[in-house]
$ cat my_file_24.csv   # CSV, C-alpha atoms and all ligand atoms
chain,number,residue,atom,x,y,z
D,1,MET,CA,129.8,133.3,124.7
D,2,THR,CA,132.2,130.9,126.3
D,3,ASN,CA,132.2,130.4,130.0
D,4,SER,CA,135.9,130.8,130.7
D,5,VAL,CA,138.3,133.5,131.9
D,6,THR,CA,141.8,133.3,130.8
D,7,SER,CA,143.5,136.4,132.3
D,8,THR,CA,144.6,136.8,135.9
D,9,PRO,CA,144.9,140.2,137.4
D,10,GLN,CA,148.3,141.3,138.7
D,11,PHE,CA,148.3,142.5,142.3
D,12,PRO,CA,152.0,142.7,143.3
D,13,ASP,CA,151.2,143.6,146.9
D,14,LEU,CA,149.6,140.2,147.4
D,15,LYS,CA,152.9,138.4,146.9
D,16,HIS,CA,153.7,136.4,150.2
D,17,LYS,CA,150.4,137.6,151.8
D,18,ARG,CA,149.1,135.0,154.3
D,19,ILE,CA,145.5,134.3,153.5
D,20,LEU,CA,143.0,131.9,155.1
D,21,VAL,CA,140.4,130.6,152.6
D,22,THR,CA,137.5,128.7,154.1
D,23,GLY,CA,135.7,126.1,152.1
D,24,ALA,CA,138.6,125.6,149.7
D,25,SER,CA,137.8,121.9,148.9
D,26,SER,CA,135.5,122.6,145.9
D,27,GLY,CA,133.7,125.2,143.9
D,28,ILE,CA,134.3,128.9,144.4
D,29,GLY,CA,136.7,128.4,147.3
D,30,ALA,CA,139.0,126.2,145.3
D,31,GLY,CA,138.9,128.7,142.4
D,32,MET,CA,139.7,131.6,144.8
D,33,ALA,CA,142.7,129.6,146.2
D,34,LYS,CA,144.1,129.0,142.7
D,35,VAL,CA,143.9,132.7,141.7
D,36,LEU,CA,145.4,133.7,145.0
D,37,ALA,CA,148.2,131.2,144.5
D,38,GLN,CA,148.9,132.7,141.1
D,39,ALA,CA,149.2,136.0,142.8
D,40,GLY,CA,151.9,134.6,145.1
D,41,CYS,CA,149.9,134.3,148.3
D,42,ARG,CA,150.7,131.8,151.1
D,43,LEU,CA,147.5,129.9,151.8
D,44,VAL,CA,145.8,128.2,154.7
D,45,LEU,CA,143.1,126.1,153.0
D,46,HIS,CA,140.1,125.0,155.1
D,47,TYR,CA,137.7,122.1,154.4
D,48,ASN,CA,135.2,120.1,156.3
D,49,ARG,CA,134.3,116.8,154.8
D,50,ASN,CA,135.7,116.7,151.2
D,51,GLU,CA,139.2,115.3,151.7
D,52,THR,CA,139.7,114.4,148.1
D,53,GLY,CA,138.7,117.9,147.1
D,54,ILE,CA,141.1,119.7,149.5
D,55,GLU,CA,144.0,117.4,148.4
D,56,GLN,CA,143.3,118.4,144.8
D,57,THR,CA,143.3,122.1,145.7
D,58,LEU,CA,146.5,121.8,147.7
D,59,GLU,CA,148.2,120.0,144.8
D,60,ALA,CA,147.0,122.6,142.3
D,61,VAL,CA,148.2,125.6,144.4
D,62,GLN,CA,151.5,123.9,145.2
D,63,ALA,CA,152.1,123.2,141.5
D,64,MET,CA,151.7,127.0,141.1
D,65,GLY,CA,154.5,127.5,143.6
D,66,ALA,CA,152.4,128.5,146.5
D,67,GLU,CA,153.2,127.7,150.1
D,68,ALA,CA,150.1,126.1,151.5
D,69,ASP,CA,148.7,124.1,154.4
D,70,VAL,CA,145.3,122.5,155.1
D,71,LEU,CA,143.1,122.6,158.2
D,72,ARG,CA,139.7,120.9,158.9
D,73,CYS,CA,136.8,122.3,160.9
D,74,ASP,CA,133.1,121.8,161.0
D,75,PHE,CA,131.6,125.3,161.3
D,76,ALA,CA,128.3,123.9,162.5
D,77,GLU,CA,130.2,123.2,165.8
D,78,LEU,CA,130.7,126.8,166.8
D,79,SER,CA,132.9,125.9,169.8
D,80,LEU,CA,135.5,124.6,167.3
D,81,VAL,CA,135.9,127.9,165.5
D,82,GLN,CA,138.3,129.8,167.8
D,83,PRO,CA,140.7,126.9,168.2
D,84,PHE,CA,140.6,126.4,164.4
D,85,PHE,CA,141.4,130.1,163.9
D,86,ASP,CA,144.3,130.0,166.4
D,87,GLN,CA,145.8,127.0,164.5
D,88,ALA,CA,145.3,128.8,161.2
D,89,TRP,CA,147.0,132.0,162.5
D,90,SER,CA,150.0,130.0,163.8
D,91,ILE,CA,150.8,128.3,160.5
D,92,PHE,CA,152.5,131.3,158.9
D,93,ASP,CA,152.9,133.2,162.2
D,94,GLY,CA,150.0,135.5,161.4
D,95,LEU,CA,147.4,136.2,158.6
D,96,ASP,CA,147.0,139.2,156.4
D,97,GLY,CA,143.6,138.2,154.9
D,98,LEU,CA,140.6,136.1,155.7
D,99,VAL,CA,138.1,134.8,153.0
D,100,ASN,CA,134.9,133.7,154.6
D,101,ASN,CA,133.8,131.5,151.7
D,102,ALA,CA,132.5,128.2,153.3
D,103,GLY,CA,128.8,128.0,153.3
D,104,VAL,CA,125.8,125.8,152.8
D,105,VAL,CA,123.2,126.5,150.1
D,106,THR,CA,120.0,125.4,151.8
D,107,LYS,CA,116.8,125.3,149.9
D,108,SER,CA,113.5,124.5,151.6
D,109,LEU,CA,110.0,126.0,152.0
D,110,SER,CA,109.6,127.7,155.4
D,111,LEU,CA,106.5,125.5,156.1
D,112,LYS,CA,108.7,122.4,155.7
D,113,ASP,CA,111.1,123.7,158.4
D,114,LYS,CA,108.7,124.7,161.1
D,115,GLN,CA,111.0,123.9,164.0
D,116,GLY,CA,113.7,125.9,162.3
D,117,ASP,CA,116.4,123.2,162.4
D,118,GLN,CA,117.6,123.9,158.9
D,119,PHE,CA,117.3,127.6,159.5
D,120,ASN,CA,119.5,127.4,162.6
D,121,ARG,CA,122.1,125.2,161.0
D,122,THR,CA,122.3,127.5,158.0
D,123,LEU,CA,122.8,130.5,160.2
D,124,ALA,CA,125.5,128.8,162.2
D,125,VAL,CA,127.6,127.8,159.2
D,126,ASN,CA,126.9,130.9,157.0
D,127,LEU,CA,126.8,133.7,159.5
D,128,GLN,CA,127.8,132.8,163.1
D,129,ALA,CA,131.0,131.0,162.1
D,130,PRO,CA,132.1,133.9,159.8
D,131,TYR,CA,131.3,136.3,162.7
D,132,LEU,CA,133.5,134.3,165.1
D,133,LEU,CA,136.3,134.0,162.5
D,134,SER,CA,136.2,137.7,161.5
D,135,THR,CA,136.2,138.9,165.2
D,136,ALA,CA,139.1,136.5,165.9
D,137,PHE,CA,141.0,137.8,162.9
D,138,ALA,CA,140.4,141.5,163.6
D,139,ASP,CA,141.4,141.1,167.2
D,140,ALA,CA,144.6,139.2,166.2
D,141,CYS,CA,145.5,141.9,163.6
D,142,LYS,CA,144.9,144.7,166.1
D,143,GLN,CA,147.1,143.0,168.7
D,144,ALA,CA,149.8,142.2,166.1
D,145,GLY,CA,149.6,145.9,164.9
D,146,HIS,CA,149.2,145.1,161.2
D,147,LYS,CA,146.5,145.7,158.6
D,148,GLY,CA,144.1,143.0,157.5
D,149,ALA,CA,141.4,142.5,154.8
D,150,ILE,CA,138.3,140.3,155.1
D,151,VAL,CA,136.3,139.1,152.1
D,152,ASN,CA,132.9,137.7,153.0
D,153,ASN,CA,131.4,135.6,150.3
D,154,SER,CA,127.7,136.4,150.5
D,155,SER,CA,125.3,136.0,147.6
D,156,ILE,CA,122.9,138.0,145.5
D,157,HIS,CA,120.3,136.4,147.8
D,158,GLY,CA,121.3,138.9,150.4
D,159,GLN,CA,119.8,141.6,148.1
D,160,ALA,CA,117.2,139.8,146.0
D,161,THR,CA,115.7,136.4,146.6
D,162,CYS,CA,112.8,134.1,145.9
D,163,GLU,CA,110.8,131.2,147.4
D,164,TRP,CA,112.7,128.4,149.2
D,165,PHE,CA,115.6,130.5,150.5
D,166,ALA,CA,114.4,132.0,153.8
D,167,ALA,CA,117.3,130.5,155.7
D,168,TYR,CA,120.0,131.1,153.0
D,169,ALA,CA,118.9,134.6,152.2
D,170,ALA,CA,118.6,135.5,155.9
D,171,SER,CA,122.2,134.3,156.4
D,172,LYS,CA,123.5,136.2,153.5
D,173,ALA,CA,121.6,139.4,154.2
D,174,GLY,CA,122.9,139.1,157.8
D,175,MET,CA,126.5,138.7,156.4
D,176,ASP,CA,126.0,141.9,154.3
D,177,ALA,CA,124.8,143.9,157.4
D,178,MET,CA,127.5,142.4,159.6
D,179,THR,CA,130.1,143.5,157.1
D,180,LYS,CA,129.0,147.1,157.2
D,181,VAL,CA,129.1,147.2,161.0
D,182,GLN,CA,132.5,145.5,161.3
D,183,ALA,CA,133.9,147.8,158.6
D,184,VAL,CA,132.9,150.8,160.7
D,185,GLU,CA,134.2,149.3,163.9
D,186,TRP,CA,137.6,148.1,162.5
D,187,GLY,CA,138.6,150.7,159.9
D,188,GLN,CA,140.4,152.7,162.6
D,189,PHE,CA,143.0,150.0,163.1
D,190,GLY,CA,143.4,149.0,159.5
D,191,VAL,CA,141.1,146.0,159.1
D,192,ARG,CA,138.9,146.3,156.0
D,193,VAL,CA,135.8,144.2,155.5
D,194,ASN,CA,134.0,143.8,152.2
D,195,VAL,CA,131.4,141.5,150.6
D,196,LEU,CA,131.6,139.6,147.4
D,197,ALA,CA,128.1,138.9,146.2
D,198,PRO,CA,128.1,136.2,143.5
D,199,GLY,CA,125.2,135.4,141.2
D,200,VAL,CA,124.9,132.0,139.5
D,201,VAL,CA,128.3,130.2,139.4
D,202,PRO,CA,128.2,126.6,138.3
D,203,VAL,CA,130.3,124.4,140.7
D,204,GLU,CA,130.6,120.6,141.1
D,205,ARG,CA,127.5,120.7,143.3
D,206,THR,CA,125.3,122.3,140.6
D,207,PHE,CA,126.9,121.4,137.2
D,208,ASP,CA,124.3,118.7,136.5
D,209,VAL,CA,121.4,121.1,137.0
D,210,LEU,CA,122.7,124.3,135.6
D,211,TYR,CA,124.1,122.8,132.4
D,212,ARG,CA,120.8,121.2,131.5
D,213,PRO,CA,119.8,123.1,128.3
D,214,GLU,CA,116.5,124.3,129.6
D,215,MET,CA,118.1,125.6,132.8
D,216,GLU,CA,120.9,127.2,130.9
D,217,ARG,CA,118.4,128.9,128.6
D,218,LYS,CA,116.4,130.2,131.6
D,219,TRP,CA,119.3,131.4,133.8
D,220,VAL,CA,121.8,132.6,131.2
D,221,GLY,CA,118.9,134.2,129.2
D,222,ALA,CA,118.1,136.4,132.2
D,223,MET,CA,121.7,137.6,132.5
D,224,PRO,CA,122.6,140.7,130.4
D,225,VAL,CA,126.2,139.5,130.1
D,226,GLY,CA,125.0,136.3,128.7
D,227,ARG,CA,127.0,133.7,130.5
D,228,TYR,CA,127.2,132.0,134.0
D,229,GLY,CA,129.9,133.3,136.4
D,230,THR,CA,133.0,131.2,136.8
D,231,VAL,CA,135.0,130.4,139.9
D,232,GLU,CA,137.9,132.4,138.3
D,233,ASP,CA,135.6,135.5,138.1
D,234,MET,CA,135.1,135.1,141.9
D,235,GLY,CA,138.8,134.5,142.5
D,236,MET,CA,139.8,137.6,140.6
D,237,ALA,CA,137.3,139.8,142.5
D,238,THR,CA,138.6,138.3,145.8
D,239,ALA,CA,142.2,139.1,144.9
D,240,TYR,CA,141.1,142.7,144.1
D,241,LEU,CA,139.3,143.0,147.5
D,242,LEU,CA,142.3,141.6,149.4
D,243,SER,CA,144.8,143.8,147.6
D,244,ASP,CA,145.9,147.4,148.2
D,245,ALA,CA,144.0,148.4,145.0
D,246,THR,CA,141.0,148.6,147.4
D,247,GLU,CA,142.7,150.2,150.3
D,248,TRP,CA,140.0,152.9,150.5
D,249,MET,CA,137.2,150.4,150.2
D,250,THR,CA,135.5,149.0,153.2
D,251,GLY,CA,131.9,148.1,154.1
D,252,SER,CA,131.1,147.6,150.4
D,253,ILE,CA,129.2,145.0,148.5
D,254,LEU,CA,130.8,143.9,145.2
D,255,THR,CA,128.0,142.2,143.2
D,256,LEU,CA,129.2,139.9,140.4
D,257,ASP,CA,126.2,138.4,138.7
D,258,GLY,CA,126.4,139.2,135.0
D,259,GLY,CA,123.7,141.9,135.6
D,260,LEU,CA,121.1,139.5,136.8
D,261,ILE,CA,119.7,141.5,139.8
D,262,ALA,CA,120.2,144.8,138.1
D,263,ARG,CA,117.7,143.5,135.5
D,264,GLY,CA,115.4,142.7,138.4
D,265,HIS,CA,114.1,139.4,137.1
D,266,TYR,CA,114.7,136.2,139.0
D,267,PRO,CA,113.7,133.5,136.6
D,268,TYR,CA,112.7,130.8,139.1
D,269,ARG,CA,108.9,130.6,138.8
D,270,ASP,CA,108.2,129.8,135.2
G,1,LIG,N1,127.9,128.7,143.4
G,1,LIG,C1,127.1,129.7,143.4
G,1,LIG,O1,126.3,130.0,142.5
G,1,LIG,C2,127.1,130.7,144.6
G,1,LIG,C3,126.4,131.9,144.5
G,1,LIG,C4,126.4,132.8,145.5
G,1,LIG,C5,127.1,132.5,146.7
G,1,LIG,N2,127.8,131.3,146.8
G,1,LIG,C6,128.5,131.1,148.0
G,1,LIG,O2,129.8,130.6,147.7
G,1,LIG,C7,130.3,129.8,148.8
G,1,LIG,C8,130.9,128.5,148.3
G,1,LIG,O3,129.9,127.8,147.7
G,1,LIG,P1,130.1,126.9,146.4
G,1,LIG,O4,129.0,127.2,145.5
G,1,LIG,O5,131.5,126.9,145.9
G,1,LIG,O6,129.7,125.4,146.9
G,1,LIG,P2,130.5,124.2,147.4
G,1,LIG,O7,131.4,123.7,146.3
G,1,LIG,O8,129.5,123.2,147.9
G,1,LIG,O9,131.5,124.7,148.5
G,1,LIG,C9,131.0,124.8,149.9
G,1,LIG,C10,132.3,124.8,150.8
G,1,LIG,O10,131.8,125.1,152.1
G,1,LIG,C11,132.3,124.1,153.0
G,1,LIG,N3,131.3,123.8,154.0
G,1,LIG,C12,130.0,123.4,153.9
G,1,LIG,N4,129.5,123.1,155.1
G,1,LIG,C13,130.5,123.4,156.0
G,1,LIG,C14,130.5,123.2,157.4
G,1,LIG,N5,129.5,122.8,158.2
G,1,LIG,N6,131.7,123.5,158.0
G,1,LIG,C15,132.8,124.0,157.3
G,1,LIG,N7,132.8,124.1,156.0
G,1,LIG,C16,131.6,123.8,155.3
G,1,LIG,C17,132.5,122.8,152.1
G,1,LIG,O11,133.4,122.0,152.7
G,1,LIG,P3,133.4,120.3,152.5
G,1,LIG,O12,132.8,120.1,151.2
G,1,LIG,O13,134.9,120.0,152.6
G,1,LIG,O14,132.6,119.7,153.6
G,1,LIG,C18,133.0,123.5,150.8
G,1,LIG,O15,134.3,123.6,150.8
G,1,LIG,C19,129.1,129.6,149.8
G,1,LIG,O16,129.2,130.5,150.9
G,1,LIG,C20,127.9,130.0,148.9
G,1,LIG,O17,126.8,130.5,149.7
G,1,LIG,C21,127.8,130.4,145.8

$ encode --input "my_file_24.csv" --output "structure tokens"
Amino acid sequence: MTNSVTSTPQFPDLKHKRILVTGASSGIGAGMAKVLAQAGCRLVLHYNRNETGIEQTLEAVQAMGAEADVLRCDFAELSLVQPFFDQAWSIFDGLDGLVNNAGVVTKSLSLKDKQGDQFNRTLAVNLQAPYLLSTAFADACKQAGHKGAIVNNSSIHGQATCEWFAAYAASKAGMDAMTKVQAVEWGQFGVRVNVLAPGVVPVERTFDVLYRPEMERKWVGAMPVGRYGTVEDMGMATAYLLSDATEWMTGSILTLDGGLIARGHYPYRD
């Protein structure tokens, strides 16, 4: 089966919606930005270090006719998050959606991180920064008196994990739990919060490893759908979660993994 998606869903209500996508300089975030641009959204695109990547995303979405701007922030520096959000909010005089996608995929054995430096940094970028962004967004929507939708890009590691991922899995399980609580708190004033939980999606960072024939056999072989996920799959699910099609959906986890964790076999230790 080919690893490509050719159709784009139509969500007319997304036209002109103002969406902040964090981590849009590569991988899933860049894919989300392109699908949202096709749906007619206006985009604030965030990056941290990858200037070339964010310029490419900006060019691509502008070529699709989207209005877009770019902002930089290092989410490991938590004191920078609120000023970053204020700037993002002001670009289009408000935001209708927030996609907390930026994240670090850390992999280390717990006994190699005994002081917890990597653990703390992972939680800062993957959980604390999204917490600060989401609360800033919900507060601003409440004060502006309009609805809002948040999509938290978590991972199947929030639900099923394996060795090496204590920090990463903790950050994503924390994101899943935080989503449910914030959905309960904010539903009353029209801010919805949902999780996208991707399985294995090859991105620039992982192409070399995941497209090695033995790795592809192992991973894709474990997926009932028989292919890796694509950044377009993730973009389409994000558009769905931001759109009015999911107006009655909040506090939910949408798992997109080709059936991997439903099958219950994580093919790491062979
Ligand atoms: N790919 C998968 O298989 C997969 C599966 C499940 C979940 N996810 C999740 O998907 C999200 C995107 O990952 P990806 O796979 O697309 O990887 P990626 O291409 O490496 O993208 C990561 C993004 O996060 C940004 N980022 C990293 N550290 C940051 C920091 N300290 N401050 C602000 N931004 C930072 C990066 O910005 P710069 O590069 O500009 O610094 C980049 O835009 C992550 O949350 C990841 O956990 C991925």

$ atom_distance --input "my_file_24.csv" --atom1 "CA of Ser25 (chain D)" --atom2 "CA of Arg227 (chain D)"
24.4 Å

$ closest_atom_pairs --input "my_file_24.csv" --of "chain D" --to "ligand LIG 1 (chain G)" --cutoff "6 Å" --atoms "only C-alpha atoms and all ligand atoms" --output "JSON lines"
{"residue": "D:Gly23", "atom": "CA", "partner": "G:LIG1", "partner_atom": "O15", "distance": 3.1}
{"residue": "D:Ala24", "atom": "CA", "partner": "G:LIG1", "partner_atom": "O15", "distance": 4.9}
{"residue": "D:Ser25", "atom": "CA", "partner": "G:LIG1", "partner_atom": "O15", "distance": 4.3}
{"residue": "D:Ser26", "atom": "CA", "partner": "G:LIG1", "partner_atom": "O7", "distance": 4.3}
{"residue": "D:Gly27", "atom": "CA", "partner": "G:LIG1", "partner_atom": "O5", "distance": 3.4}
{"residue": "D:Ile28", "atom": "CA", "partner": "G:LIG1", "partner_atom": "O5", "distance": 3.8}
{"residue": "D:Gly29", "atom": "CA", "partner": "G:LIG1", "partner_atom": "O5", "distance": 5.6}
{"residue": "D:Tyr47", "atom": "CA", "partner": "G:LIG1", "partner_atom": "O13", "distance": 3.9}
{"residue": "D:Asn48", "atom": "CA", "partner": "G:LIG1", "partner_atom": "O13", "distance": 3.7}
{"residue": "D:Arg49", "atom": "CA", "partner": "G:LIG1", "partner_atom": "O14", "distance": 3.6}
{"residue": "D:Asn50", "atom": "CA", "partner": "G:LIG1", "partner_atom": "O13", "distance": 3.7}
{"residue": "D:Cys73", "atom": "CA", "partner": "G:LIG1", "partner_atom": "C15", "distance": 5.6}
{"residue": "D:Asp74", "atom": "CA", "partner": "G:LIG1", "partner_atom": "N6", "distance": 3.7}
{"residue": "D:Phe75", "atom": "CA", "partner": "G:LIG1", "partner_atom": "N6", "distance": 3.8}
{"residue": "D:Ala76", "atom": "CA", "partner": "G:LIG1", "partner_atom": "N5", "distance": 4.6}
{"residue": "D:Asn101", "atom": "CA", "partner": "G:LIG1", "partner_atom": "O16", "distance": 4.8}
{"residue": "D:Ala102", "atom": "CA", "partner": "G:LIG1", "partner_atom": "O10", "distance": 3.4}
{"residue": "D:Gly103", "atom": "CA", "partner": "G:LIG1", "partner_atom": "O16", "distance": 3.5}
{"residue": "D:Val104", "atom": "CA", "partner": "G:LIG1", "partner_atom": "C12", "distance": 5.0}
{"residue": "D:Val105", "atom": "CA", "partner": "G:LIG1", "partner_atom": "O17", "distance": 5.4}
{"residue": "D:Val125", "atom": "CA", "partner": "G:LIG1", "partner_atom": "N5", "distance": 5.4}
{"residue": "D:Asn153", "atom": "CA", "partner": "G:LIG1", "partner_atom": "O16", "distance": 5.6}
{"residue": "D:Ser154", "atom": "CA", "partner": "G:LIG1", "partner_atom": "C5", "distance": 5.5}
{"residue": "D:Ser155", "atom": "CA", "partner": "G:LIG1", "partner_atom": "C4", "distance": 4.0}
{"residue": "D:Pro198", "atom": "CA", "partner": "G:LIG1", "partner_atom": "C4", "distance": 4.3}
{"residue": "D:Gly199", "atom": "CA", "partner": "G:LIG1", "partner_atom": "C3", "distance": 5.0}
{"residue": "D:Val200", "atom": "CA", "partner": "G:LIG1", "partner_atom": "O1", "distance": 3.9}
{"residue": "D:Val201", "atom": "CA", "partner": "G:LIG1", "partner_atom": "O1", "distance": 3.7}
{"residue": "D:Pro202", "atom": "CA", "partner": "G:LIG1", "partner_atom": "N1", "distance": 5.5}
{"residue": "D:Val203", "atom": "CA", "partner": "G:LIG1", "partner_atom": "N1", "distance": 5.6}
{"residue": "D:Arg205", "atom": "CA", "partner": "G:LIG1", "partner_atom": "O8", "distance": 5.6}

$ write_last_selection --input "my_file_24.csv" --atoms "C-alpha atoms" --output "JSON list (two decimals), in the frame of the given file"
[["chain", "number", "residue", "atom", "x", "y", "z"],
["D", 23, "GLY", "CA", 135.70, 126.10, 152.10],
["D", 24, "ALA", "CA", 138.60, 125.60, 149.70],
["D", 25, "SER", "CA", 137.80, 121.90, 148.90],
["D", 26, "SER", "CA", 135.50, 122.60, 145.90],
["D", 27, "GLY", "CA", 133.70, 125.20, 143.90],
["D", 28, "ILE", "CA", 134.30, 128.90, 144.40],
["D", 29, "GLY", "CA", 136.70, 128.40, 147.30],
["D", 47, "TYR", "CA", 137.70, 122.10, 154.40],
["D", 48, "ASN", "CA", 135.20, 120.10, 156.30],
["D", 49, "ARG", "CA", 134.30, 116.80, 154.80],
["D", 50, "ASN", "CA", 135.70, 116.70, 151.20],
["D", 73, "CYS", "CA", 136.80, 122.30, 160.90],
["D", 74, "ASP", "CA", 133.10, 121.80, 161.00],
["D", 75, "PHE", "CA", 131.60, 125.30, 161.30],
["D", 76, "ALA", "CA", 128.30, 123.90, 162.50],
["D", 101, "ASN", "CA", 133.80, 131.50, 151.70],
["D", 102, "ALA", "CA", 132.50, 128.20, 153.30],
["D", 103, "GLY", "CA", 128.80, 128.00, 153.30],
["D", 104, "VAL", "CA", 125.80, 125.80, 152.80],
["D", 105, "VAL", "CA", 123.20, 126.50, 150.10],
["D", 125, "VAL", "CA", 127.60, 127.80, 159.20],
["D", 153, "ASN", "CA", 131.40, 135.60, 150.30],
["D", 154, "SER", "CA", 127.70, 136.40, 150.50],
["D", 155, "SER", "CA", 125.30, 136.00, 147.60],
["D", 198, "PRO", "CA", 128.10, 136.20, 143.50],
["D", 199, "GLY", "CA", 125.20, 135.40, 141.20],
["D", 200, "VAL", "CA", 124.90, 132.00, 139.50],
["D", 201, "VAL", "CA", 128.30, 130.20, 139.40],
["D", 202, "PRO", "CA", 128.20, 126.60, 138.30],
["D", 203, "VAL", "CA", 130.30, 124.40, 140.70],
["D", 205, "ARG", "CA", 127.50, 120.70, 143.30]]

$ residues_around --input "my_file_24.csv" --residues "Thr238 (chain D)" --least-positions-apart "5" --cutoff "9 Å" --atoms "all atoms listed in the file" --output "list of chain:residue names"
D:Met32, D:Val35, D:Leu36, D:Val99, D:Val151, D:Asn153, D:Leu196, D:Asp233, D:Ser243

$ closest_residue --input "my_file_24.csv" --among "D:Asp69, D:Glu51, D:Asp13, D:Glu77" --to "Trp89 (chain D)" --atoms "only C-alpha atoms"
D:Asp69

$ atom_distance --input "my_file_24.csv" --atom1 "CA of Leu109 (chain D)" --atom2 "CA of Asn126 (chain D)"
18.3 Å

$ closest_residue --input "my_file_24.csv" --among "D:Lys112, D:Lys17, D:Lys34, D:Arg42" --to "Ala167 (chain D)" --atoms "all atoms listed in the file"
D:Lys112

$ atom_distance --input "my_file_24.csv" --atom1 "CA of Asp139 (chain D)" --atom2 "CA of Phe11 (chain D)"
25.9 Å

$ closest_residue --input "my_file_24.csv" --among "D:Gln56, D:Gln87, D:Gln38, D:Ser171" --to "Pro130 (chain D)" --atoms "all atoms listed in the file"
D:Ser171

$ closest_residue --input "my_file_24.csv" --among "D:Ile91, D:Ala136, D:Thr122, D:Ala149" --to "Ala239 (chain D)" --atoms "all atoms listed in the file"
D:Ala149

$ closest_residue --input "my_file_24.csv" --among "D:Ile261, D:Ala170, D:Leu111, D:Leu210" --to "Pro224 (chain D)" --atoms "all atoms listed in the file"
D:Ile261

$ residues_near_point --input "my_file_24.csv" --point "(147.6, 125.4, 154.1)" --cutoff "6 Å" --atoms "only C-alpha atoms" --output "ChimeraX atom specification"
/D:43-45,68-70

$ closest_residue --input "my_file_24.csv" --among "D:Gly264, D:Gly94, D:Pro83, D:Gly145" --to "Leu133 (chain D)" --atoms "all atoms listed in the file"
D:Pro83

$ residues_around --input "my_file_24.csv" --residues "Lys180 (chain D)" --least-positions-apart "2" --cutoff "8 Å" --atoms "only C-alpha atoms" --output "PyMOL selection string"
chain D and resi 176-178+182-184+193-194+250-252

$ residues_around --input "my_file_24.csv" --residues "Ile150 (chain D)" --least-positions-apart "4" --cutoff "8 Å" --atoms "only C-alpha atoms" --output "ChimeraX atom specification"
/D:97-100,134,191-194,242

$ residues_around --input "my_file_24.csv" --residues "Glu216 (chain D)" --least-positions-apart "2" --cutoff "12 Å" --atoms "only C-alpha atoms" --output "compact mmCIF listing (two decimals) with C-alpha atoms, keeping the file's coordinate frame"
# COMPACT_ATOMS: atom_id res chain seq x y z
CA ASN D 3 132.20 130.40 130.00
CA VAL D 200 124.90 132.00 139.50
CA VAL D 201 128.30 130.20 139.40
CA PRO D 202 128.20 126.60 138.30
CA THR D 206 125.30 122.30 140.60
CA PHE D 207 126.90 121.40 137.20
CA ASP D 208 124.30 118.70 136.50
CA VAL D 209 121.40 121.10 137.00
CA LEU D 210 122.70 124.30 135.60
CA TYR D 211 124.10 122.80 132.40
CA ARG D 212 120.80 121.20 131.50
CA PRO D 213 119.80 123.10 128.30
CA GLU D 214 116.50 124.30 129.60
CA LYS D 218 116.40 130.20 131.60
CA TRP D 219 119.30 131.40 133.80
CA VAL D 220 121.80 132.60 131.20
CA GLY D 221 118.90 134.20 129.20
CA ALA D 222 118.10 136.40 132.20
CA MET D 223 121.70 137.60 132.50
CA GLY D 226 125.00 136.30 128.70
CA ARG D 227 127.00 133.70 130.50
CA TYR D 228 127.20 132.00 134.00
CA PRO D 267 113.70 133.50 136.60
